[in-house]
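Pasting entry20.cif here (mmCIF, C-alpha atoms):
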data_query
loop_
_atom_site.label_atom_id
_atom_site.label_comp_id
_atom_site.auth_asym_id
_atom_site.auth_seq_id
_atom_site.Cartn_x
_atom_site.Cartn_y
_atom_site.Cartn_z
CA MET A 9 -17.43 37.19 -63.29
CA ALA A 10 -18.44 34.01 -61.47
CA SER A 11 -22.11 33.04 -61.53
CA ARG A 12 -24.19 34.20 -58.57
CA ARG A 13 -26.52 31.21 -58.93
CA LEU A 14 -26.59 28.84 -56.00
CA PRO A 15 -24.55 25.63 -56.56
CA LEU A 16 -27.46 23.17 -56.60
CA ASP A 17 -29.80 25.25 -58.74
CA GLY A 18 -31.70 22.89 -61.07
CA LEU A 19 -31.36 19.84 -58.80
CA LEU A 20 -34.61 18.08 -57.82
CA VAL A 21 -34.83 16.46 -54.37
CA ALA A 22 -37.70 14.14 -53.40
CA ASP A 23 -37.83 14.33 -49.61
CA PHE A 24 -39.74 11.41 -48.08
CA SER A 25 -38.26 12.01 -44.63
CA ARG A 26 -39.81 13.30 -41.43
CA VAL A 27 -38.86 14.82 -38.07
CA LEU A 28 -35.28 16.18 -38.02
CA ALA A 29 -32.28 14.37 -39.57
CA GLY A 30 -33.73 14.02 -43.08
CA PRO A 31 -35.52 17.39 -43.21
CA TYR A 32 -32.39 19.10 -41.85
CA ALA A 33 -30.35 17.54 -44.66
CA SER A 34 -32.86 18.42 -47.37
CA MET A 35 -33.16 22.00 -46.09
CA ALA A 36 -29.40 22.39 -46.46
CA LEU A 37 -29.72 21.24 -50.08
CA ALA A 38 -32.59 23.69 -50.58
CA ASP A 39 -30.47 26.50 -49.12
CA LEU A 40 -27.90 25.62 -51.78
CA GLY A 41 -30.47 26.04 -54.52
CA ALA A 42 -32.06 22.61 -54.95
CA ARG A 43 -35.79 22.28 -55.52
CA VAL A 44 -37.04 20.18 -52.60
CA ILE A 45 -40.48 18.58 -52.71
CA LYS A 46 -41.46 17.41 -49.25
CA VAL A 47 -43.81 14.42 -49.33
CA GLU A 48 -46.07 14.45 -46.26
CA ARG A 49 -48.70 12.15 -44.85
CA THR A 50 -52.18 13.21 -45.95
CA GLY A 51 -54.06 15.10 -43.27
CA SER A 52 -51.38 15.35 -40.61
CA GLY A 53 -48.07 15.83 -42.38
CA ASP A 54 -44.66 15.69 -40.75
CA ASP A 55 -44.82 14.69 -37.07
CA THR A 56 -43.11 17.92 -36.04
CA ARG A 57 -46.04 20.01 -37.27
CA ALA A 58 -47.67 18.87 -34.00
CA TRP A 59 -44.60 19.30 -31.81
CA ALA A 60 -45.65 22.46 -30.01
CA PRO A 61 -45.47 24.78 -28.15
CA PRO A 62 -43.68 27.00 -28.89
CA VAL A 63 -45.54 28.24 -31.92
CA SER A 64 -45.10 31.18 -34.26
CA ALA A 65 -47.75 32.84 -36.39
CA ARG A 66 -47.22 30.00 -38.89
CA GLY A 67 -47.30 27.05 -36.49
CA SER A 68 -44.76 24.78 -34.82
CA THR A 69 -41.34 26.44 -34.54
CA TYR A 70 -39.83 22.94 -34.46
CA PHE A 71 -41.20 22.17 -37.94
CA ASP A 72 -40.24 25.60 -39.21
CA SER A 73 -36.62 25.20 -38.09
CA VAL A 74 -35.79 22.57 -40.75
CA ASN A 75 -38.29 23.05 -43.57
CA ARG A 76 -37.75 26.39 -45.29
CA ASN A 77 -37.36 26.64 -49.07
CA LYS A 78 -39.48 23.53 -49.71
CA GLU A 79 -42.76 22.60 -51.39
CA SER A 80 -45.32 20.43 -49.57
CA LEU A 81 -47.13 17.55 -51.28
CA GLU A 82 -49.57 15.35 -49.36
CA LEU A 83 -49.56 11.71 -50.46
CA ASP A 84 -51.03 8.53 -49.00
CA LEU A 85 -48.63 5.78 -50.02
CA SER A 86 -51.24 3.12 -49.28
CA ASP A 87 -53.36 4.59 -52.10
CA ALA A 88 -52.46 3.31 -55.57
CA GLY A 89 -52.99 6.67 -57.27
CA ASP A 90 -50.88 8.58 -54.77
CA ARG A 91 -48.23 5.87 -54.88
CA ALA A 92 -48.04 6.32 -58.65
CA LEU A 93 -47.42 10.05 -58.15
CA ALA A 94 -44.70 9.26 -55.58
CA TYR A 95 -43.09 6.90 -58.07
CA GLU A 96 -43.20 9.52 -60.82
CA LEU A 97 -41.60 12.09 -58.51
CA ALA A 98 -38.84 9.63 -57.58
CA CYS A 99 -38.23 8.81 -61.24
CA ARG A 100 -37.75 12.50 -62.04
CA ALA A 101 -35.62 13.28 -58.98
CA ASP A 102 -31.85 13.69 -58.78
CA VAL A 103 -31.86 12.91 -55.04
CA LEU A 104 -34.26 10.98 -52.81
CA ILE A 105 -34.07 11.08 -49.00
CA GLU A 106 -36.14 8.71 -46.86
CA ASN A 107 -36.25 7.56 -43.25
CA PHE A 108 -38.91 4.87 -43.20
CA ARG A 109 -38.13 1.63 -41.41
CA PRO A 110 -35.72 -0.37 -43.60
CA GLY A 111 -37.54 -2.25 -46.34
CA THR A 112 -40.68 -0.10 -46.31
CA MET A 113 -39.93 1.92 -49.44
CA ALA A 114 -39.21 -1.27 -51.38
CA ARG A 115 -42.60 -2.68 -50.40
CA TYR A 116 -44.19 0.34 -52.04
CA GLY A 117 -42.15 -0.06 -55.22
CA LEU A 118 -40.02 2.91 -54.19
CA GLY A 119 -36.83 1.10 -53.16
CA TYR A 120 -33.50 1.97 -54.70
CA ASP A 121 -33.40 -1.07 -56.99
CA ASP A 122 -36.90 -0.31 -58.29
CA LEU A 123 -36.03 3.29 -59.06
CA ALA A 124 -32.45 2.85 -60.30
CA ALA A 125 -33.74 0.56 -63.02
CA VAL A 126 -35.54 3.52 -64.60
CA ASN A 127 -33.60 6.42 -63.07
CA PRO A 128 -29.97 5.23 -62.93
CA ARG A 129 -28.68 8.72 -62.03
CA LEU A 130 -30.65 8.81 -58.78
CA VAL A 131 -28.76 9.46 -55.52
CA TYR A 132 -30.75 7.65 -52.83
CA ALA A 133 -30.19 8.32 -49.11
CA SER A 134 -31.70 5.98 -46.51
CA ILE A 135 -31.75 7.06 -42.86
CA SER A 136 -32.49 4.75 -39.95
CA GLY A 137 -31.99 4.62 -36.22
CA PHE A 138 -29.81 1.52 -36.03
CA GLY A 139 -29.10 0.36 -39.59
CA SER A 140 -30.75 -2.14 -41.91
CA GLY A 141 -29.36 -5.27 -40.24
CA GLY A 142 -29.94 -6.41 -36.68
CA GLY A 143 -31.29 -3.03 -35.63
CA ALA A 144 -33.73 -2.62 -38.51
CA SER A 145 -36.82 -3.02 -36.31
CA LEU A 146 -35.68 -0.60 -33.60
CA PRO A 147 -37.27 2.87 -33.52
CA GLY A 148 -34.73 5.65 -33.97
CA TYR A 149 -35.30 8.61 -31.67
CA ASP A 150 -32.50 11.01 -30.83
CA PHE A 151 -33.01 10.74 -27.06
CA LEU A 152 -32.86 6.95 -27.19
CA VAL A 153 -29.69 6.97 -29.30
CA GLN A 154 -28.03 9.45 -26.93
CA ALA A 155 -28.68 6.92 -24.16
CA VAL A 156 -27.67 3.65 -25.84
CA GLY A 157 -24.95 5.22 -28.00
CA GLY A 158 -22.80 6.44 -25.11
CA LEU A 159 -23.34 10.19 -25.28
CA MET A 160 -25.40 10.48 -22.10
CA SER A 161 -22.79 8.53 -20.15
CA ILE A 162 -20.30 11.37 -20.63
CA THR A 163 -22.78 14.25 -20.30
CA GLY A 164 -23.69 15.70 -16.91
CA HIS A 165 -21.97 16.03 -13.56
CA ALA A 166 -20.10 13.11 -12.06
CA ALA A 167 -22.42 12.95 -9.05
CA GLY A 168 -25.58 13.51 -11.11
CA GLU A 169 -27.60 11.45 -13.52
CA PRO A 170 -26.70 10.93 -17.19
CA THR A 171 -27.97 13.91 -19.19
CA LYS A 172 -29.01 14.46 -22.79
CA VAL A 173 -27.57 17.32 -24.81
CA GLY A 174 -29.88 20.34 -24.93
CA VAL A 175 -30.69 19.89 -28.62
CA ALA A 176 -31.34 16.77 -30.74
CA LEU A 177 -27.67 16.66 -31.58
CA VAL A 178 -27.65 13.10 -32.96
CA ASP A 179 -30.28 14.00 -35.55
CA VAL A 180 -28.31 17.10 -36.53
CA LEU A 181 -25.07 15.13 -36.87
CA THR A 182 -26.85 12.48 -38.92
CA GLY A 183 -28.34 15.16 -41.16
CA LYS A 184 -24.90 16.56 -41.81
CA ASP A 185 -23.64 13.06 -42.67
CA VAL A 186 -26.51 12.76 -45.15
CA GLN A 187 -25.45 16.05 -46.73
CA VAL A 188 -21.90 14.74 -47.15
CA GLY A 189 -23.20 11.51 -48.66
CA VAL A 190 -25.47 13.31 -51.12
CA LEU A 191 -22.90 15.84 -52.26
CA SER A 192 -20.11 13.29 -52.62
CA SER A 193 -22.42 10.99 -54.58
CA LEU A 194 -23.34 13.87 -56.89
CA VAL A 195 -19.64 14.51 -57.51
CA GLU A 196 -19.15 10.82 -58.33
CA ARG A 197 -22.21 10.92 -60.61
CA GLY A 198 -20.55 13.78 -62.47
CA ARG A 199 -17.63 11.44 -63.23
CA THR A 200 -19.47 8.19 -63.90
CA GLY A 201 -23.01 9.19 -64.84
CA ALA A 202 -24.38 6.73 -62.27
CA GLY A 203 -26.23 7.45 -59.07
CA ALA A 204 -25.72 5.69 -55.75
CA HIS A 205 -27.49 4.35 -52.70
CA PHE A 206 -26.05 4.97 -49.24
CA GLU A 207 -27.29 4.39 -45.72
CA VAL A 208 -26.78 6.54 -42.62
CA ASN A 209 -27.95 5.55 -39.15
CA LEU A 210 -28.20 7.63 -36.01
CA LEU A 211 -26.10 5.29 -33.86
CA SER A 212 -23.15 5.29 -36.28
CA SER A 213 -23.32 9.06 -36.78
CA LEU A 214 -23.23 9.60 -33.02
CA GLN A 215 -20.36 7.21 -32.37
CA ALA A 216 -18.31 8.70 -35.20
CA ALA A 217 -18.81 12.07 -33.51
CA LEU A 218 -17.55 10.85 -30.12
CA VAL A 219 -14.00 11.30 -31.52
CA ASN A 220 -11.48 11.50 -28.64
CA GLN A 221 -13.90 10.01 -26.12
CA VAL A 222 -14.50 6.78 -28.02
CA GLN A 223 -10.83 6.59 -29.01
CA SER A 224 -9.78 6.72 -25.36
CA TYR A 225 -11.61 3.41 -25.02
CA LEU A 226 -10.48 1.87 -28.33
CA GLY A 227 -6.89 3.06 -28.09
CA ALA A 228 -6.15 2.98 -24.38
CA GLY A 229 -8.90 0.92 -22.79
CA VAL A 230 -10.11 3.93 -20.80
CA VAL A 231 -13.89 4.22 -20.57
CA PRO A 232 -14.77 7.93 -20.23
CA ALA A 233 -17.10 9.08 -17.47
CA ARG A 234 -19.17 12.18 -16.78
CA MET A 235 -17.04 15.15 -15.73
CA GLY A 236 -19.53 18.00 -15.81
CA ASN A 237 -18.01 20.83 -17.82
CA ALA A 238 -14.42 19.68 -17.36
CA HIS A 239 -12.30 18.20 -20.17
CA PRO A 240 -10.66 14.80 -19.67
CA SER A 241 -7.38 15.82 -21.32
CA ILE A 242 -7.05 19.62 -20.93
CA VAL A 243 -6.92 21.88 -17.83
CA PRO A 244 -8.28 24.50 -17.40
CA TYR A 245 -10.89 23.85 -20.05
CA GLN A 246 -14.17 24.19 -18.19
CA LEU A 247 -16.50 26.52 -16.32
CA LEU A 248 -14.93 28.36 -13.42
CA ALA A 249 -16.88 30.20 -10.73
CA CYS A 250 -16.79 34.02 -10.62
CA ALA A 251 -18.55 36.50 -8.34
CA ASP A 252 -21.83 36.40 -10.24
CA GLY A 253 -21.72 33.12 -12.10
CA PRO A 254 -19.50 30.90 -14.22
CA ILE A 255 -17.02 31.77 -16.95
CA ALA A 256 -15.89 29.37 -19.67
CA VAL A 257 -12.09 29.21 -19.87
CA ALA A 258 -10.49 27.14 -22.61
CA CYS A 259 -6.71 27.07 -22.30
CA GLY A 260 -5.68 24.85 -25.18
CA ASN A 261 -1.93 25.26 -24.67
CA ASP A 262 0.67 26.23 -22.07
CA ALA A 263 1.10 29.76 -23.43
CA GLN A 264 -2.58 30.49 -22.87
CA PHE A 265 -2.29 29.20 -19.31
CA VAL A 266 0.63 31.55 -18.69
CA ALA A 267 -1.47 34.44 -20.01
CA LEU A 268 -4.38 33.41 -17.79
CA CYS A 269 -2.17 33.44 -14.73
CA ARG A 270 -0.77 36.83 -15.69
CA VAL A 271 -4.24 38.39 -15.95
CA LEU A 272 -5.23 36.87 -12.60
CA SER A 273 -1.95 38.02 -10.99
CA LEU A 274 -1.18 34.37 -10.25
CA GLU A 275 2.14 34.10 -12.09
CA ARG A 276 3.42 31.76 -9.42
CA LEU A 277 1.03 29.09 -10.65
CA SER A 278 2.43 29.01 -14.18
CA ALA A 279 5.92 28.65 -12.70
CA ASP A 280 4.89 25.89 -10.29
CA GLU A 281 6.17 22.49 -11.45
CA ARG A 282 2.74 21.01 -10.68
CA TYR A 283 1.09 23.21 -13.31
CA ARG A 284 3.72 24.13 -15.89
CA THR A 285 2.54 21.69 -18.56
CA ASN A 286 -0.91 20.52 -19.49
CA SER A 287 -0.18 16.93 -18.44
CA GLU A 288 0.85 18.15 -15.00
CA ARG A 289 -2.26 20.31 -14.75
CA VAL A 290 -4.50 17.36 -15.63
CA GLY A 291 -2.90 15.37 -12.82
CA ASN A 292 -3.44 18.21 -10.32
CA ARG A 293 -6.78 19.44 -11.63
CA ASP A 294 -8.75 19.91 -8.42
CA GLU A 295 -6.23 21.97 -6.50
CA LEU A 296 -5.46 24.16 -9.49
CA VAL A 297 -9.14 24.85 -10.18
CA GLY A 298 -9.64 25.78 -6.55
CA LYS A 299 -6.83 28.34 -6.70
CA LEU A 300 -8.10 29.85 -9.94
CA GLU A 301 -11.65 30.14 -8.63
CA SER A 302 -10.49 31.82 -5.41
CA ARG A 303 -9.15 34.65 -7.54
CA LEU A 304 -11.97 34.71 -10.10
CA ARG A 305 -14.60 35.11 -7.37
CA SER A 306 -13.27 38.63 -6.76
CA ASP A 307 -14.99 39.97 -9.90
CA THR A 308 -17.77 39.23 -12.36
CA ALA A 309 -17.65 36.79 -15.26
CA GLY A 310 -18.17 39.64 -17.72
CA SER A 311 -15.26 41.66 -16.36
CA TRP A 312 -12.91 38.70 -16.37
CA ALA A 313 -14.03 37.72 -19.87
CA THR A 314 -13.11 41.16 -21.18
CA LEU A 315 -9.65 41.07 -19.59
CA LEU A 316 -8.89 37.49 -20.59
CA THR A 317 -10.05 37.94 -24.18
CA ALA A 318 -7.82 41.01 -24.52
CA ALA A 319 -4.89 38.90 -23.31
CA GLY A 320 -5.56 36.15 -25.87
CA VAL A 321 -7.11 33.69 -23.45
CA PRO A 322 -10.25 31.98 -24.82
CA ALA A 323 -12.92 32.94 -22.30
CA GLY A 324 -16.54 34.00 -22.15
CA ALA A 325 -19.52 34.25 -19.84
CA VAL A 326 -22.35 31.76 -20.24
CA VAL A 327 -25.31 33.42 -21.98
CA GLY A 328 -28.75 32.49 -23.23
CA ILE A 329 -29.64 31.81 -26.84
CA ASP A 330 -31.04 35.34 -27.16
CA ASP A 331 -27.73 36.92 -26.16
CA ALA A 332 -25.83 34.36 -28.25
CA VAL A 333 -27.69 35.44 -31.41
CA ARG A 334 -27.03 39.08 -30.57
CA PHE A 335 -23.34 38.29 -30.03
CA ALA A 336 -23.05 36.67 -33.46
CA ASP A 337 -24.78 39.70 -34.96
CA SER A 338 -22.34 42.05 -33.21
CA LEU A 339 -19.47 40.23 -34.94
CA GLY A 340 -21.00 40.91 -38.35
CA LEU A 341 -21.83 37.24 -38.93
CA GLU A 342 -25.41 38.03 -40.00
CA PRO A 343 -26.73 34.93 -38.22
CA THR A 344 -30.39 35.33 -39.14
CA LEU A 345 -32.45 35.34 -42.30
CA GLU A 346 -35.72 37.18 -42.95
CA LEU A 347 -38.18 34.78 -44.56
CA THR A 348 -40.97 35.68 -46.96
CA SER A 349 -44.46 34.21 -47.34
CA PRO A 350 -45.91 33.33 -50.75
CA ASP A 351 -47.68 36.71 -50.77
CA GLY A 352 -44.37 38.51 -50.22
CA SER A 353 -44.98 39.45 -46.59
CA SER A 354 -42.51 38.79 -43.80
CA ALA A 355 -42.61 35.30 -42.28
CA GLY A 356 -40.21 35.97 -39.42
CA ARG A 357 -36.54 35.16 -38.89
CA GLN A 358 -34.53 31.95 -38.85
CA ILE A 359 -30.90 31.03 -38.30
CA ARG A 360 -29.39 31.03 -41.77
CA SER A 361 -27.09 28.53 -43.41
CA PRO A 362 -23.53 28.77 -42.04
CA LEU A 363 -22.12 28.69 -45.59
CA ARG A 364 -20.99 32.06 -46.91
CA PHE A 365 -19.91 32.37 -50.54
CA VAL A 366 -17.35 34.96 -51.60
CA PRO A 367 -18.55 37.06 -53.30
CA PRO A 368 -21.96 36.69 -51.62
CA ARG A 369 -24.85 35.02 -53.41
CA PRO A 370 -28.44 35.98 -52.60
CA PRO A 371 -29.91 33.36 -50.22
CA ARG A 372 -33.28 31.70 -50.70
CA THR A 373 -35.87 33.01 -48.25
CA ASP A 374 -39.05 30.98 -48.78
CA ALA A 375 -41.02 30.34 -45.59
CA PRO A 376 -41.66 26.72 -44.55
CA PRO A 377 -44.71 25.48 -46.48
CA ARG A 378 -48.19 25.03 -45.12
CA LEU A 379 -49.27 21.40 -45.23
CA GLY A 380 -50.24 20.53 -48.80
CA ALA A 381 -49.67 24.08 -50.00
CA ASP A 382 -48.41 22.81 -53.36
CA ASN A 383 -50.77 19.86 -53.82
CA ALA A 384 -52.63 21.16 -56.85
CA ALA A 385 -49.62 22.32 -58.84
CA LEU A 386 -47.51 19.28 -58.06
CA ARG A 387 -50.26 16.76 -58.76
CA GLN A 388 -50.87 18.38 -62.11
CA TRP A 389 -47.14 18.42 -62.91
CA LEU A 390 -46.62 14.78 -61.93
CA SER A 391 -49.77 13.59 -63.71
CA ALA A 392 -48.86 15.25 -67.00
CA ARG A 393 -46.89 13.05 -69.35
CA PRO A 394 -45.86 10.35 -66.86
CA SER A 395 -42.57 9.12 -68.18
CA ARG A 396 -42.78 5.58 -66.80
CA PRO A 397 -45.47 3.06 -65.81
CA ALA A 398 -46.47 3.02 -62.17
CA PRO A 399 -45.10 0.19 -60.01
CA THR A 400 -47.16 -2.96 -59.66
CA ASP A 401 -49.12 -3.06 -56.43
CA SER A 402 -48.16 -5.78 -53.98
CA ALA A 403 -50.56 -7.34 -51.51
CA GLU A 404 -48.39 -6.19 -48.63
CA ALA A 405 -48.32 -2.60 -49.81
CA ALA A 406 -52.08 -2.57 -50.19
CA LEU A 407 -52.55 -3.69 -46.58
CA THR A 408 -49.87 -1.65 -44.83
CA LYS A 409 -50.25 1.96 -43.81
CA PRO A 410 -47.03 3.96 -44.26
CA GLU A 411 -47.25 5.43 -40.76
CA GLU A 412 -47.00 1.91 -39.37
CA GLU A 413 -43.61 1.53 -41.00
CA GLU A 414 -41.97 4.76 -39.94
CA ALA A 415 -38.54 4.44 -38.42
CA ARG A 416 -39.46 7.13 -35.84
#
For the file at hand, write its structure as C-alpha cells.
Amino acid sequence: MASRRLPLDGLLVADFSRVLAGPYASMALADLGARVIKVERTGSGDDTRAWAPPVSARGSTYFDSVNRNKESLELDLSDAGDRALAYELACRADVLIENFRPGTMARYGLGYDDLAAVNPRLVYASISGFGSGGGASLPGYDFLVQAVGGLMSITGHAAGEPTKVGVALVDVLTGKDVQVGVLSSLVERGRTGAGAHFEVNLLSSLQAALVNQVQSYLGAGVVPARMGNAHPSIVPYQLLACADGPIAVACGNDAQFVALCRVLSLERLSADERYRTNSERVGNRDELVGKLESRLRSDTAGSWATLLTAAGVPAGAVVGIDDAVRFADSLGLEPTLELTSPDGSSAGRQIRSPLRFVPPRPPRTDAPPRLGADNAALRQWLSARPSRPAPTDSAEAALTKPEEEEAR
C-alpha cells in the first residue's frame, strides 16, 4: 500500500518572506508536509499581522489566510547574534524563500552564493516586484503591478475607470510560480544533488498570466481594452440580465449556443446566419445580447441557471463568497479545513489546499502561529551544535535595518 505521508515530509523551508506571494508559496509547501519556519521581524512580525479588520479570535484574517502549518521565529537581522541564527537556519534548510529588495540578503551574508558555498543542496527562491535589474529599487505591491502591468486596463466596464481584481491576484499568481520553481528545482536536485537559485517577479508573473490578451497584442497588434464582463473572442460569454439580476453564460462552442437558444425558445437565432458561428456572433455581439436579454428578463437568474445547466449550457447566478463556499460543499469538494490550536482546541476554518490525493492523505491542520510562538525552541535548536561559522559582519549590514530594505 502506498505511503500516506505527505510528499514533502522531512523537507525544511526557511521562509524569510512577508505579505502574500512568499507566504502563500511556503504555506503550499507546508500543506504538502514541509516544515516551514517563518522568520519575522522582532516585535511586529509580518506586515499582514496588522492588516485588519476583519479579525478572528486569533487576529488578522489576512495573515491567517496564508500562514497555517508554520512555526514563527522572531529575528532582528541587524543584530549579529540573530543574524547568526538566521545563517544557521539557512545552512540547514532545503529551501529558502525571500522577498527583500534585491541585494539585501547578500548584504547580511544570506545571499545565495554565501549559502550555496556551505549548503550546495539549497533551493533558493527570490521574489521581487520588478526583478533584480532596472526595476530592483521599485516597491512591489500587487495593486501597483495590476496598474503598470496591464491588468487594470482590461478590467472594468468600457465607460468606467480601470479596476483592480477583487483579490491580490498578482501575488497569488507569483506565489504559484514560486511553488513551481521550488518543486521543479527539488526534482532537479534529486538528479544532480545540487540546489538552485531562481528569481520570480510580480510583473513577469502577471504578464505571463495575461495569456490570450497579451498575445492579441504580440501576435496581431491588437491592444485589448476593457469590456466589462464580456469576452473579446467568444459570444455569449458574459453576464446577461435576468428579471432579478445577472446570470453568467459561457457558451464555449456552437453546440452550446444552439442548446441555449433551445432553452430560451429562440431557435431562430441559432439558425440565423448572423449568429450561427462564434465568429459571426462576435461580429454581431450587441444585437444578439439584446435579444437574449429580452427573453432572459422574463424569469429569474436562478430559474434560468437550473434550466440551462440541465441542458448542458454553462450558466450560473452570481453569488457571494458565502454562497460560493456552500456551493462547493454541496458538490462534495470539502472546501474547508478545521484548524487546531497548540492546545488541541478548534482554531476555526480555512479554505484547504486544492490538491486531493487518491487515496486521501490526512491534511495538516496547525493554526497560523502567534508571533514568536516558537522562539524559545527554535533558538535552542539553532544554537546547539552550530554546523558552520557565522558570516562576517559587514559595515553596511551593521548600519542597515532590514525593514528599510523590504521589497514591499
Any chance you could resolve the PyMOL selection byres ((chain A and resi 262-271) around 12) against this file and give the residues as number ranges by chain?
A: 242-245, 257-261, 272-280, 283-289, 296-297, 299-301, 303-304, 311-323
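Nearest residue to Ser134 of chain A among A:Val175, A:Ala33, A:Ala332, A:Ala92 is A:Ala33, counting all atoms listed in the file.
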Name every residue that the PyMOL selection byres ((chain A and resi 221) around 9) selects in this structure, writing the answer as JSON, numbers by chain with chains first and numbers rising.
{"A": [162, 218, 219, 220, 222, 223, 224, 225, 230, 231, 232, 240]}
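The closest residue to Ala336 of chain A, picked from A:Ala216, A:Ile359, A:Ala249, A:Leu19 and counting only C-alpha atoms, is A:Ile359.
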May I ask which of the residues A:Leu345, A:Leu16, A:Val173, A:Ala256 is the closest one to Asp374 of chain A, counting only C-alpha atoms?
A:Leu345
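With all atoms listed in the file as the basis for measurement, A:Gly356 is the residue among A:Pro371, A:Gly356, A:Val188, A:Glu96 that approaches Gly67 of chain A most closely.
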Once the PyMOL selection byres ((chain A and resi 255) around 6) is applied to the coordinates I shared, what remains selected? I want it as a list in words.
Leu247, Leu248, Pro254, Ala256, Ala309, Gly324 and Ala325 of chain A
Determine the nearest neighbour of Asp179 of chain A from the options A:Leu214, A:Leu386, A:Leu37, A:Leu83, counting all atoms listed in the file.
A:Leu214
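Atom pair atom CA of Ala381 of chain A / atom CA of Gly119 of chain A has a distance of 26.5 Å (rounded to one decimal).
Our summary of the geometry notes that atom CA of Arg387 of chain A is positioned 8.1 Å from atom CA of Leu81 of chain A.
The environment of segment 163-170 of chain A within 7 Å, counting all atoms listed in the file and disregarding residues fewer than 3 places along the same chain, consists of Leu159, Met160, Arg234, Met235 and Gly236 of chain A.
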